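> I have a structure I would like to understand better, so I am pasting it below and will then ask my questions one at a time.
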Amino acid sequence: MNVQSPKKLLPKDYATDQDVRWCPGCGDYAILRGVQKALADMGADPANTVFVSGIGCAARFPYYVATYGFHTIHGRAPSVATGVKLANPNLTVFVVGGDGDGLSIGGNHTMHAIRRNIDINYLLFNNEIYGLTKGQYSPTSRLGTRSPSTPTGSIDPPVSALQFAMGANARFIARTIDRRQDHMPAIVARAAAHKGCSFVEIIQNCIVYNDGAFDSFAEKDVKDEQQLELVHGKPMLFGKAKNKGIRFNPKTMSLEIVTIGENGISAADIIVHDETNRMLAVMLCQLEPPNFPVPIGVIYCNPAPQPYETAVWAQIATAKEKLKGKPADLNAMLRKGATWTVAG
Amino acid sequence: MNVQSPKKLLPKDYATDQDVRWCPGCGDYAILRGVQKALADMGADPANTVFVSGIGCAARFPYYVATYGFHTIHGRAPSVATGVKLANPNLTVFVVGGDGDGLSIGGNHTMHAIRRNIDINYLLFNNEIYGLTKGQYSPTSRLGTRSPSTPTGSIDPPVSALQFAMGANARFIARTIDRRQDHMPAIVARAAAHKGCSFVEIIQNCIVYNDGAFDSFAEKDVKDEQQLELVHGKPMLFGKAKNKGIRFNPKTMSLEIVTIGENGISAADIIVHDETNRMLAVMLCQLEPPNFPVPIGVIYCNPAPQPYETAVWAQIATAKEKLKGKPADLNAMLRKGATWTVAG
Amino acid sequence: MEGGTAGARARGDRREIESAVIRFAGDSGDGMQLTGTQFTQATAIARNELATFPDFPAEIRAPVGTTFGVSAYQINFGARTIKTAGDDLDVLVAMNPAALKTNLKDVKRGGLVIVDIGEFTDKNFRKVNYASNPLEDGTLDGYKSLRIDMSRLTLESVAQFGLGQKDGLRCKNMWALGLIYWMYGRDPQVTVDWLKVRFAKNQTLADANIAALKAGHAFGETAEMPAEVGQILVPAAPIRPGLYRALTGTEAVAWGLVTGAHLARLPMVFAGYPITPASALLHVLAGLKEYDVLTFQAEDEIAAACAAIGASYAGALGVTSSSGPGVALKTEAIGLAIATELPLVIVNSQRGGPSTGLPTKTEQSDLYQSVWGRNADAPLVVLAAHSPGDAFEVAIESVRIAAHYMTPVILLTDGYIANASEPWQIPDLSKLAPFPVKFRENPEGFHPFLRDERLVRNWAKPGTPGLQHRIGGIEKDYNSGNISYEPENHQKMTDVRRNRILGIAKDIPLQKVEAGNAKGRLAVVGWGSTYGPISRAVDRCRADGLDVSHIHLRHIWPLPRNLGDLLKGFDQVIVPEMNDGQLVTLLRAQYLVPAQGLNKVTGKPFKISEIESAIRDRLATRQAAE
Amino acid sequence: MEGGTAGARARGDRREIESAVIRFAGDSGDGMQLTGTQFTQATAIARNELATFPDFPAEIRAPVGTTFGVSAYQINFGARTIKTAGDDLDVLVAMNPAALKTNLKDVKRGGLVIVDIGEFTDKNFRKVNYASNPLEDGTLDGYKSLRIDMSRLTLESVAQFGLGQKDGLRCKNMWALGLIYWMYGRDPQVTVDWLKVRFAKNQTLADANIAALKAGHAFGETAEMPAEVGQILVPAAPIRPGLYRALTGTEAVAWGLVTGAHLARLPMVFAGYPITPASALLHVLAGLKEYDVLTFQAEDEIAAACAAIGASYAGALGVTSSSGPGVALKTEAIGLAIATELPLVIVNSQRGGPSTGLPTKTEQSDLYQSVWGRNADAPLVVLAAHSPGDAFEVAIESVRIAAHYMTPVILLTDGYIANASEPWQIPDLSKLAPFPVKFRENPEGFHPFLRDERLVRNWAKPGTPGLQHRIGGIEKDYNSGNISYEPENHQKMTDVRRNRILGIAKDIPLQKVEAGNAKGRLAVVGWGSTYGPISRAVDRCRADGLDVSHIHLRHIWPLPRNLGDLLKGFDQVIVPEMNDGQLVTLLRAQYLVPAQGLNKVTGKPFKISEIESAIRDRLATRQAAE
Ligand SMILES: Cc1ncc(C[n+]2csc(CCOP(=O)(O)OP(=O)(O)O)c2C)c(N)n1
Ligand SMILES: Cc1ncc(C[n+]2csc(CCOP(=O)(O)OP(=O)(O)O)c2C)c(N)n1
Ligand code: SF4
Ligand code: SF4
Ligand SMILES: [Mg+2]
Ligand SMILES: [Mg+2]
């Protein structure tokens, strides 16, 4: 990553002159703010930063960020981003897309970008609905969702973005929330700093077609009780009084909520978050409301020795060693293998 | 499922008159045998059974099974099968495909069939290579695989079929091996009996392009030591002397190998396999050679109250209740909502 | 004149005119689509002929007051046959400066502009880059205008219900509708009834909206209106008696498919993936479960097409739908349906392209894709609907052909047809002749590619004892249906695939001439939603004695048997299309007629005048040259 | 006669003939492709002109001895220009009954059949449904035959190396090759050298194969051969002096792309997904990393196309490749490249369809898909290569056009060209003029859709300071590159997209006539791999004094400027295609010339005789009618 910019830019320096065309009150505005702040905090060089998106409300994002940007086609942003990053590994590449874009039509590319571990930063705006096409249910919509295409309620169990990413062998997963401006920039910056594919689910309210879907945990007044803010090396405590915590129950092999001071529970019983523990990450991904607080923060971070594109370029470099520093000779390419001369 | 056939059929009754066109020695022959045996054991009614496949060597399978069959296009078999099952839920529907078919081009459909929980039985023949197109590496090929498209070795970490399926919220996953004719039929039958999407990885040797890839655990002489045969309610023991076992280490939150009688380990330390424990299943999927024996058998089975197509048809039935048993009146359909009469 | 006020004369208090074109335009939050729909309904009940053109913004909800957030609904209604939504506006209702800015250019000189001056604020001017107040800076010179503070008057009318300012202002559209009802002598009762149903769960909102509607109406009656506004009468048209409803193209296709499936005695499995403007078809069908319709929202278009194919294999009628980019994704799957000879209906609601293009705008640029857009020699059937009413019939025909010829059928509509609504005389479906499909049941001598004299293979569905068979995308032996790599067999199968489709031409009507003679100086050949403007333009020219005929194709492939001869009977052929020239290519290639394109690619339907002047040009040039 | 023995006369011991056609056919495990390649090599060194046709079975390794497991390699070589692999066989080498059964029909009457009688066993007859021994039941009546127990002789020749029976028999192909080398007076040394390299890691195998080769050769020298077999001389052709190699179409495209990218001064990112017969291009390029080629095996064709587009956006040359079904999947992505005006080369190695069709057989049925197979008005450039040597040039031209006109270019080859190999005079690339791309660097006045006089937009790559910009698939404002839903702008952009592509016609050569006059009675218009048979057929007819010309298109879209006039200069135009009539549609639509198709869809190339007789028919019919 090569993001140092000569002069210190402010979040507003990452805004374009284009009218922002989301519905008033859409959670995307907050995410735009959070990401612009992250870029400023990281000192991202706009000339070396690229936002690639698919199609959807979320996917309009690149138009509003004063870096390079490519608004592609539905579901294919990870593939386009892969091409960008392969061609020029010096660029910092973000992918932005909705839950439909990234997990419905684009699920396969998301999966392969993750398992291939190419160094792109996937920001998945999950509003659990198709916004742009006016409100059909999405693969993350909860069972029973009534929508224009499911007038009597959806019947297919949703996919969990983060469990899916773990199944695809992710090495960096995180979650944040549109309303958590205090939380989002750091998470986005962590994702960008991670070498390899990073996958960040950003909970986003669609005020028009799925308003309030996340209020039970995302709203200010409930967040202390309903969000589990994970920090590496810190115990998993939550609640206003920070007296509730997560404990591992080896019998059921699952996580459970305990209260410090009750039933003999002490601080020592609470799991200390370890970003590098894959099993723990899988379990954390399974914590869902209403029974559990929603984990946010960096859930898993375990970089591979090198991301995909580094290995690709290393193979090219190795091949070039044959040339011993000389430029490639195309004539030699054509003359490899058996040739014969027809005399004049 | 409706598979009872009036007269008892033998495995050979499930063979067609077509020449089998796999390479001599291909693991697919063994799988064909195993599946035909499973069909006979289940008493599957050929007229009510459908095999749907994509493209690949594995995908030739339907031509050789004397049921209904549809050899479709690369990667799309789960989608075609979904249509078949939706149209006629009484059919027993199998999907057959290779690792490329199911996890490369078709990964998304595989994922959605699984999470949607439609009652199809996915048999994924994993030979960790593209057979039909002559040996390119696949998404399950191990790092460093040299193939025509990766002459200096593959550099993208593979995806694990079963971990992927778990990430997609599978409710039935299992694994068996081409060479385990004693094991395969029962697993296939279990998958067929499961209501909802069942996903079975079948380890398959491609004698031409990836010969021996699985010998380290699949060959007869090593199987006792290198395969962990899971049976619900039975302790996870393996080894010739059945004295090795799998224990859970709560500190690292991971599974480890122990030997009964050594270091104070007793039978009580060994995990008893519980098919319904999701966390356990996730951990079992992560056991890989050479450090662990390869788990085979039904790893996870936890049926939902109803598969997808049942819910679909239930909604239709509910809608029909409006008709109170009368046939649908199309004239009424056209006359719903505001109408007006222009008098003569 | 279509969309004109020709023939206006006074009758009683009301000025009588033959037809009028009105456009309601406002912010997407202003409810213009509802307003338009209501006015359409009331107008239909008043027995005018009519056509409509809803025009949505691309954004879900753009920021209030911006030009790109303007939503509009246009209606053309008259005392005689109406075939288009009208070229130019007699009346524009502009609920804010953005609506004025984006729509004023379409108002005819001397037309009436009605504005809500409550929204004409400096802040709103800035949002649309109006340097000064357009009501005062001469922008409206040459137009009549009615400037009313609808915002304030609406708030006053609903004050009693204790709504907040925001909710109160939401009733503004009803106030405006009331006023227009007054102008055109419409009975507001239809809207009152509708509001009661719509807000059945919120009495206050129902009451407030009704109050606003009545207030607008009353304003017309009581306020001192400028003389030139006054009340207008568009007399009833000579409409055939019967039961009517408003019909959109989307409903028409949905109901046509359901009807076709019933006539074929097939259950229907509809698999789609949302995309503008096709999604609405999925929505409508999702609500028709009791009619043996199973709907499935797939993870993408490929899965949708494949699920539909799987359903057809299993003995249902598989249907899938999308618009251009989505149909592109289905291409490979359609090839499978062609190779396996399975029925499949693919509805393409065309939109502006290429790529994401202009998703909310109309275009008819997927003809190439439909006829030729596949790898290999892969013939199928292409049909096009020209209006909502026509779409109902074409959908039935699509099902008939797909099911009886074991072939994919692409049914082309477009964003305009999908959204437009027209009054429709509701047919009595019990009078339609069924065309039941006969599945193969006899195992004797069966193989899956056994054909009848039309070259159509037999359809055997899984579950049938004794008919177990395997099909797939690899070439099949003509005589056994097994895989075959034999050279001669491949030629034979290619011939069969081609000839089976071409043979359908024997089973479709000869091409008729919509208007004009079957021979002559100029034929205007159209397809799809250009029907309205072509038809009116040809009528007008013929009324002036010009020798021009209108031919409109429903069957794009195979083409009607007589089409070549028909076209050769004309000195000139022009082909108006909302694309860069696609049908014209097909006709030239097929018949070697020197057909010329008349192309418009703006995301908007043709104006009558555009086609009319092209006709006059061609005839004049030719005359001059002769 | 091409593929004939006309001109045979005795010279010394050897019978001299002008040309010969030999086919090696055997089980896929028999190594027939290697045998053919080696013979080709030796023949080229002997200075014959030649062309080849490898024909693989669809299965990887079908069970031994089955007809569907037969693999064949055909070579036509001569003392004069050779343009096809030959119509009928002079010699068939059939290593087993299956090979005899599937190939005998192609041997000319009186031709020579060489069989390994060691494989002519009852068991093997049963596998191919031979009721009796074809060597004895009259099947070979009318052919010369040479019946040798090659299996036994091979085993004897390698006995000393202690190989097992199975490995020993693997050397059979070398034994057969030795015999053929003897027949045609080839020097086996080239194969000896090659075997040493190939089996460098296994000396025993190298020695055994060399021994078998030599034994076969010696058998010819020492055994009593029937007189009619004897030794044959095909004299050297008048070949231009220089350095040569064997070139397959796949290598040609790979090296042409690399060369083009170097001339454009662009790094290349090639993203593909395996599919027959396109995969080989990925394989070759994967081995060229040191030439600034990055290869990427994507998860599917869509991802591959999109990655290539992303690479082009980032300033590399994005290339993707597939065959028909895979290109179908790329359709939507290609639309994005069109809308965003990015360079992209799409190589389509065509194969038999529809759907999975005949994957290992050749066909040229993706012309429709290439020219018209997209939603919306979506013009791009289509080029076709007609032989391996030509493919090298066309690949360079594809890169030049893509990079300099910011457009996707589809390069069509087919299974035949991809696999066929021909001797190729290796060019000196240092003599080619580079055509470096200039990226935009100046931020002054920049926007991404600024255009030059050719309507080509400027290319600014991420990483360039000050040129940050956003592009996408939505319609763009002509003047700013920002999103625009303006009707008139959409028309303008549609015009620009069309005219930019049509304008390329100014920058390509005028269409030349390959053979014959520029006006006349009959033009045979071809494209792609039909070049050989058309060329020979036209030559033969012209030699007989017939007035026929050969026109062969490299530029399918846009078409060369003069093509219309050229075609209008002929009384008749026929268009031979290995499809059901695709280019013919394009030509008829464009020029209204009454071109007629000559179509063959069998998965096999045209025979010269097929085209020749069509030419004679046309000229005769017309004559009769005149
Ligand atoms: C190929 C294709 N299929 C379908 C669409 C229509 N489409 C656009 S966005 C979208 C889904 C939007 O949902 P999501 O990705 O969750 O984004 P959101 O709008 O909710 O931010 C769909 C189905 C399209 N543009 N292209
Ligand atoms: C759309 C499309 N892309 C690519 C191919 C070529 N293709 C056929 S099978 C295959 C992969 C085979 O691998 P796998 O699925 O693992 O099956 P196997 O042959 O190993 O059993 C590929 C790439 C195709 N037929 N269609
Ligand atoms: S529809 Fe929903 S997601 Fe889209 S812009 Fe509006 S509020 Fe945001
Ligand atoms: S290539 Fe491999 S997988 Fe395919 S048939 Fe041969 S051995 Fe089996
Ligand atoms: Mg969404
Ligand atoms: Mg495989």
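Residue numbering restarts at 1 for every chain of the structure tokens, chains are lettered A, B, ... in their displayed order, and ligands are numbered from 1 as they appear.
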Ligand 4: which residues are within 10 Å, counting only C-alpha atoms and all ligand atoms, as a ChimeraX atom specification?

/B:20-29,56-60,98,125-135,204-211 /D:59-63

> Give me, as an NGL selection string, the residues of chain C touching chain B, with the criterion being at most 8 Å (counting only C-alpha atoms).

:C and (45 or 47 or 239-246 or 255 or 259 or 269 or 289-292 or 294 or 299 or 302-304 or 306-316 or 333 or 336 or 426-430 or 462-473)

> For chain D versus chain C, which residues have an atom no more than 7 Å away, and what is each residue's nearest atom pair and distance in Å rounded to one decimal, using only C-alpha atoms, chain-then-number order, as CSV?


residue,atom,partner,partner_atom,distance
D:Gly324,CA,C:Asn375,CA,5.0
D:Pro325,CA,C:Glu332,CA,5.7
D:Ala328,CA,C:Glu332,CA,5.7
D:Leu329,CA,C:Leu329,CA,5.9
D:Thr331,CA,C:Ala328,CA,5.9
D:Glu332,CA,C:Ala328,CA,5.7
D:Gly335,CA,C:Ser355,CA,4.9
D:Leu336,CA,C:Ser355,CA,5.1
D:Ala339,CA,C:Pro354,CA,6.0
D:Gly352,CA,C:Ala376,CA,6.9
D:Gly353,CA,C:Ala376,CA,4.9
D:Pro354,CA,C:Ala376,CA,5.0
D:Ser355,CA,C:Gly335,CA,4.9
D:Thr356,CA,C:Gly473,CA,4.9
D:Gly357,CA,C:Ile474,CA,4.3
D:Leu358,CA,C:Glu475,CA,6.3
D:Ser365,CA,C:Ala376,CA,4.4
D:Asp366,CA,C:Asn375,CA,4.9
D:Tyr368,CA,C:Trp372,CA,5.5
D:Gln369,CA,C:Gly373,CA,5.0
D:Trp372,CA,C:Tyr368,CA,5.5
D:Gly373,CA,C:Gly373,CA,3.5
D:Arg374,CA,C:Gln369,CA,5.1
D:Asn375,CA,C:Asp366,CA,4.9
D:Ala376,CA,C:Ser365,CA,4.4
D:Asp377,CA,C:Ser365,CA,5.9
D:Ala378,CA,C:Pro354,CA,5.8
D:Gly473,CA,C:Thr356,CA,4.9
D:Ile474,CA,C:Gly357,CA,4.3
D:Glu475,CA,C:Gly357,CA,4.8
D:Tyr485,CA,C:Leu358,CA,6.5
D:Pro487,CA,C:Thr602,CA,4.2
D:Glu488,CA,C:Thr602,CA,5.8
D:His490,CA,C:Thr602,CA,5.3
D:Gln491,CA,C:Val601,CA,5.0
D:Asn579,CA,C:Asp377,CA,6.7
D:Asp580,CA,C:Asp377,CA,6.2
D:Thr585,CA,C:Ala589,CA,5.3
D:Leu586,CA,C:Ala589,CA,7.0
D:Arg588,CA,C:Ala589,CA,4.8
D:Ala589,CA,C:Ala589,CA,4.0
D:Leu592,CA,C:Leu592,CA,5.1
D:Val601,CA,C:Gln491,CA,5.0
D:Thr602,CA,C:Pro487,CA,4.2
D:Gly603,CA,C:Pro487,CA,5.9
D:Lys604,CA,C:Pro487,CA,7.0

> Keeping only N, CA and C atoms, write those residues as a tab-separated table (two decimals), in the first residue's frame.


chain	number	residue	atom	x	y	z
D	324	GLY	N	-17.28	-19.92	-27.66
D	324	GLY	CA	-18.65	-19.41	-27.69
D	324	GLY	C	-19.41	-19.31	-26.38
D	325	PRO	N	-19.62	-20.43	-25.66
D	325	PRO	CA	-20.43	-20.36	-24.46
D	325	PRO	C	-19.80	-19.44	-23.41
D	328	ALA	N	-20.35	-15.87	-24.42
D	328	ALA	CA	-21.73	-15.50	-24.10
D	328	ALA	C	-21.81	-14.96	-22.68
D	329	LEU	N	-21.11	-15.62	-21.78
D	329	LEU	CA	-21.14	-15.17	-20.39
D	329	LEU	C	-20.50	-13.79	-20.21
D	331	THR	N	-20.81	-11.32	-22.13
D	331	THR	CA	-21.56	-10.30	-22.86
D	331	THR	C	-21.80	-9.03	-22.05
D	332	GLU	N	-22.32	-9.21	-20.85
D	332	GLU	CA	-22.65	-8.02	-20.07
D	332	GLU	C	-21.39	-7.21	-19.77
D	335	GLY	N	-20.27	-5.16	-22.60
D	335	GLY	CA	-21.08	-3.94	-22.65
D	335	GLY	C	-20.51	-2.85	-21.76
D	336	LEU	N	-19.99	-3.24	-20.61
D	336	LEU	CA	-19.37	-2.26	-19.73
D	336	LEU	C	-18.14	-1.64	-20.37
D	339	ALA	N	-19.31	0.80	-22.87
D	339	ALA	CA	-19.85	2.03	-22.27
D	339	ALA	C	-18.75	2.89	-21.67
D	352	GLY	N	-18.00	-26.03	-32.01
D	352	GLY	CA	-19.34	-26.40	-32.42
D	352	GLY	C	-20.38	-26.18	-31.34
D	353	GLY	N	-21.53	-25.64	-31.72
D	353	GLY	CA	-22.62	-25.38	-30.79
D	353	GLY	C	-23.92	-25.84	-31.40
D	354	PRO	N	-25.06	-25.46	-30.86
D	354	PRO	CA	-25.26	-24.59	-29.72
D	354	PRO	C	-24.99	-25.30	-28.39
D	355	SER	N	-24.97	-24.49	-27.34
D	355	SER	CA	-24.69	-24.95	-25.98
D	355	SER	C	-23.36	-25.72	-26.00
D	356	THR	N	-23.27	-26.79	-25.24
D	356	THR	CA	-22.00	-27.50	-25.17
D	356	THR	C	-21.65	-28.07	-26.55
D	357	GLY	N	-22.66	-28.43	-27.30
D	357	GLY	CA	-22.46	-28.76	-28.71
D	357	GLY	C	-21.41	-29.82	-28.99
D	358	LEU	N	-20.45	-29.44	-29.80
D	358	LEU	CA	-19.33	-30.33	-30.16
D	358	LEU	C	-18.05	-29.61	-29.75
D	365	SER	N	-19.39	-20.24	-35.92
D	365	SER	CA	-20.78	-19.82	-35.77
D	365	SER	C	-20.96	-18.73	-34.72
D	366	ASP	N	-19.89	-18.06	-34.35
D	366	ASP	CA	-20.04	-16.98	-33.37
D	366	ASP	C	-19.93	-15.60	-34.00
D	368	TYR	N	-22.44	-13.93	-35.49
D	368	TYR	CA	-23.62	-13.18	-35.00
D	368	TYR	C	-23.34	-12.65	-33.60
D	369	GLN	N	-22.91	-13.56	-32.75
D	369	GLN	CA	-22.66	-13.15	-31.36
D	369	GLN	C	-21.64	-12.01	-31.31
D	372	TRP	N	-23.38	-8.75	-33.22
D	372	TRP	CA	-24.69	-8.29	-32.75
D	372	TRP	C	-25.08	-8.81	-31.37
D	373	GLY	N	-24.26	-9.60	-30.78
D	373	GLY	CA	-24.71	-10.34	-29.61
D	373	GLY	C	-24.63	-9.59	-28.30
D	374	ARG	N	-25.18	-8.41	-28.26
D	374	ARG	CA	-25.19	-7.68	-26.99
D	374	ARG	C	-26.52	-6.95	-26.85
D	375	ASN	N	-26.90	-6.68	-25.61
D	375	ASN	CA	-28.05	-5.81	-25.43
D	375	ASN	C	-27.67	-4.40	-25.84
D	376	ALA	N	-28.67	-3.67	-26.24
D	376	ALA	CA	-28.52	-2.25	-26.58
D	376	ALA	C	-27.66	-2.03	-27.83
D	377	ASP	N	-27.51	-0.78	-28.17
D	377	ASP	CA	-26.65	-0.42	-29.29
D	377	ASP	C	-25.23	-0.43	-28.75
D	378	ALA	N	-24.51	-1.46	-29.10
D	378	ALA	CA	-23.22	-1.69	-28.44
D	378	ALA	C	-22.17	-2.11	-29.46
D	473	GLY	N	-20.89	2.47	-15.97
D	473	GLY	CA	-21.73	1.99	-17.05
D	473	GLY	C	-22.95	2.84	-17.35
D	474	ILE	N	-23.23	3.80	-16.48
D	474	ILE	CA	-24.38	4.69	-16.73
D	474	ILE	C	-23.99	5.67	-17.84
D	475	GLU	N	-24.97	6.15	-18.56
D	475	GLU	CA	-24.69	7.10	-19.63
D	475	GLU	C	-23.98	8.33	-19.06
D	485	TYR	N	-28.68	11.77	-17.67
D	485	TYR	CA	-29.89	11.12	-18.16
D	485	TYR	C	-30.56	11.97	-19.22
D	487	PRO	N	-31.93	13.32	-22.53
D	487	PRO	CA	-32.28	12.63	-23.79
D	487	PRO	C	-31.33	12.95	-24.94
D	488	GLU	N	-31.08	14.22	-25.19
D	488	GLU	CA	-30.27	14.56	-26.36
D	488	GLU	C	-28.83	14.07	-26.22
D	490	HIS	N	-27.92	11.38	-24.72
D	490	HIS	CA	-27.88	9.94	-24.99
D	490	HIS	C	-27.81	9.68	-26.49
D	491	GLN	N	-28.55	10.47	-27.24
D	491	GLN	CA	-28.48	10.34	-28.70
D	491	GLN	C	-27.06	10.65	-29.18
D	579	ASN	N	-21.04	-22.42	-40.71
D	579	ASN	CA	-22.16	-22.09	-39.84
D	579	ASN	C	-23.39	-22.06	-40.73
D	580	ASP	N	-24.51	-21.66	-40.14
D	580	ASP	CA	-25.75	-21.77	-40.89
D	580	ASP	C	-26.04	-20.51	-41.72
D	585	THR	N	-25.53	-12.84	-43.87
D	585	THR	CA	-26.58	-11.94	-43.37
D	585	THR	C	-26.04	-10.51	-43.25
D	586	LEU	N	-24.86	-10.41	-42.71
D	586	LEU	CA	-24.26	-9.09	-42.52
D	586	LEU	C	-24.05	-8.40	-43.87
D	588	ARG	N	-25.52	-8.99	-46.78
D	588	ARG	CA	-26.79	-8.65	-47.41
D	588	ARG	C	-27.39	-7.39	-46.78
D	589	ALA	N	-27.35	-7.33	-45.46
D	589	ALA	CA	-27.94	-6.18	-44.78
D	589	ALA	C	-27.16	-4.91	-45.10
D	592	LEU	N	-27.02	-4.83	-49.50
D	592	LEU	CA	-28.15	-5.27	-50.31
D	592	LEU	C	-27.70	-6.05	-51.54
D	601	VAL	N	-22.13	-27.41	-41.53
D	601	VAL	CA	-22.09	-27.42	-40.07
D	601	VAL	C	-21.94	-28.85	-39.61
D	602	THR	N	-20.74	-29.36	-39.73
D	602	THR	CA	-20.50	-30.76	-39.36
D	602	THR	C	-19.37	-30.88	-38.36
D	603	GLY	N	-18.81	-29.76	-37.96
D	603	GLY	CA	-17.65	-29.81	-37.08
D	603	GLY	C	-16.37	-30.05	-37.83
D	604	LYS	N	-16.44	-30.14	-39.13
D	604	LYS	CA	-15.26	-30.40	-39.96
D	604	LYS	C	-15.07	-29.25	-40.95

> Residues of chain B no more than 7 Å from chain A, counting only C-alpha atoms: send them over as number ranges by chain.

B: 107-108, 115-116, 155-159, 163-164, 166-169, 250, 253, 279, 308, 311

> Need to verify the contact set: Ala218 of chain A, 10 Å, only C-alpha atoms, exclusion of same-chain residues closer than 6 positions in sequence. Can you return it as a PyMOL selection string?

chain A and resi 176-180+203-205+212+224+226-227+294

> Distance atom CA of Leu146 of chain D-atom CA of Gly65 of chain D, one decimal place?

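Atom-to-atom, atom CA of Leu146 of chain D and atom CA of Gly65 of chain D are spaced 20.2 Å apart.
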
> Which residues are near segment 402-418 of chain D? Cut-off 7 Å, only C-alpha atoms, ignore same chain within fewer than 3 positions. Put them as a ChimeraX atom specification.

/D:53,248-250,277,337-338,341-351,361-364,370,380-385,387-388,398-399,437,456,528-529

> What separation in Å, quoted to one decimal, exists between atom CA of Trp557 of chain D and atom CA of Glu251 of chain D?

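Taking atom CA of Trp557 of chain D and atom CA of Glu251 of chain D, their separation equals 24.3 Å.
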
> Quick one: DSSP helix (DSSP H, G or I) residues in segment 123-365 of chain C, as a PyMOL selection string?

chain C and resi 123-127+150-161+165-169+172-184+189-198+203-222+249-263+279-286+289-291+301-313+324-340

> For the structure I just gave you, how does DSSP split segment 517-598 of chain C - specifically, which residues are strand (DSSP E)? Reply as a list in words.

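Strand (DSSP E) members of segment 517-598 of chain C, listed: Gly520, Arg521, Leu522, Ala523, Val524, Val525, Gly526, Trp527, Val548, Ser549, His550, Ile551, His552, Leu553, His555, Ile556, Trp557, Phe570, Asp571, Gln572, Val573, Ile574, Val575, Pro576, Glu577, Gln596, Gly597 and Leu598 of chain C.
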
> So that I can check the surroundings of Asn48 of chain C, please list as a list of chain:residue names every protein, DNA and RNA residue that reaches within 9 Å of it, counting only C-alpha atoms and ignoring chain neighbours fewer than 6 positions away.

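The contact residues come out as C:Ser19, C:Phe77, C:Gly78, C:Ala79, C:Arg80, C:Thr81, C:Ile82, C:Val234, C:Pro235, C:Ala236, C:Ala237, C:Pro238, C:Ile239.
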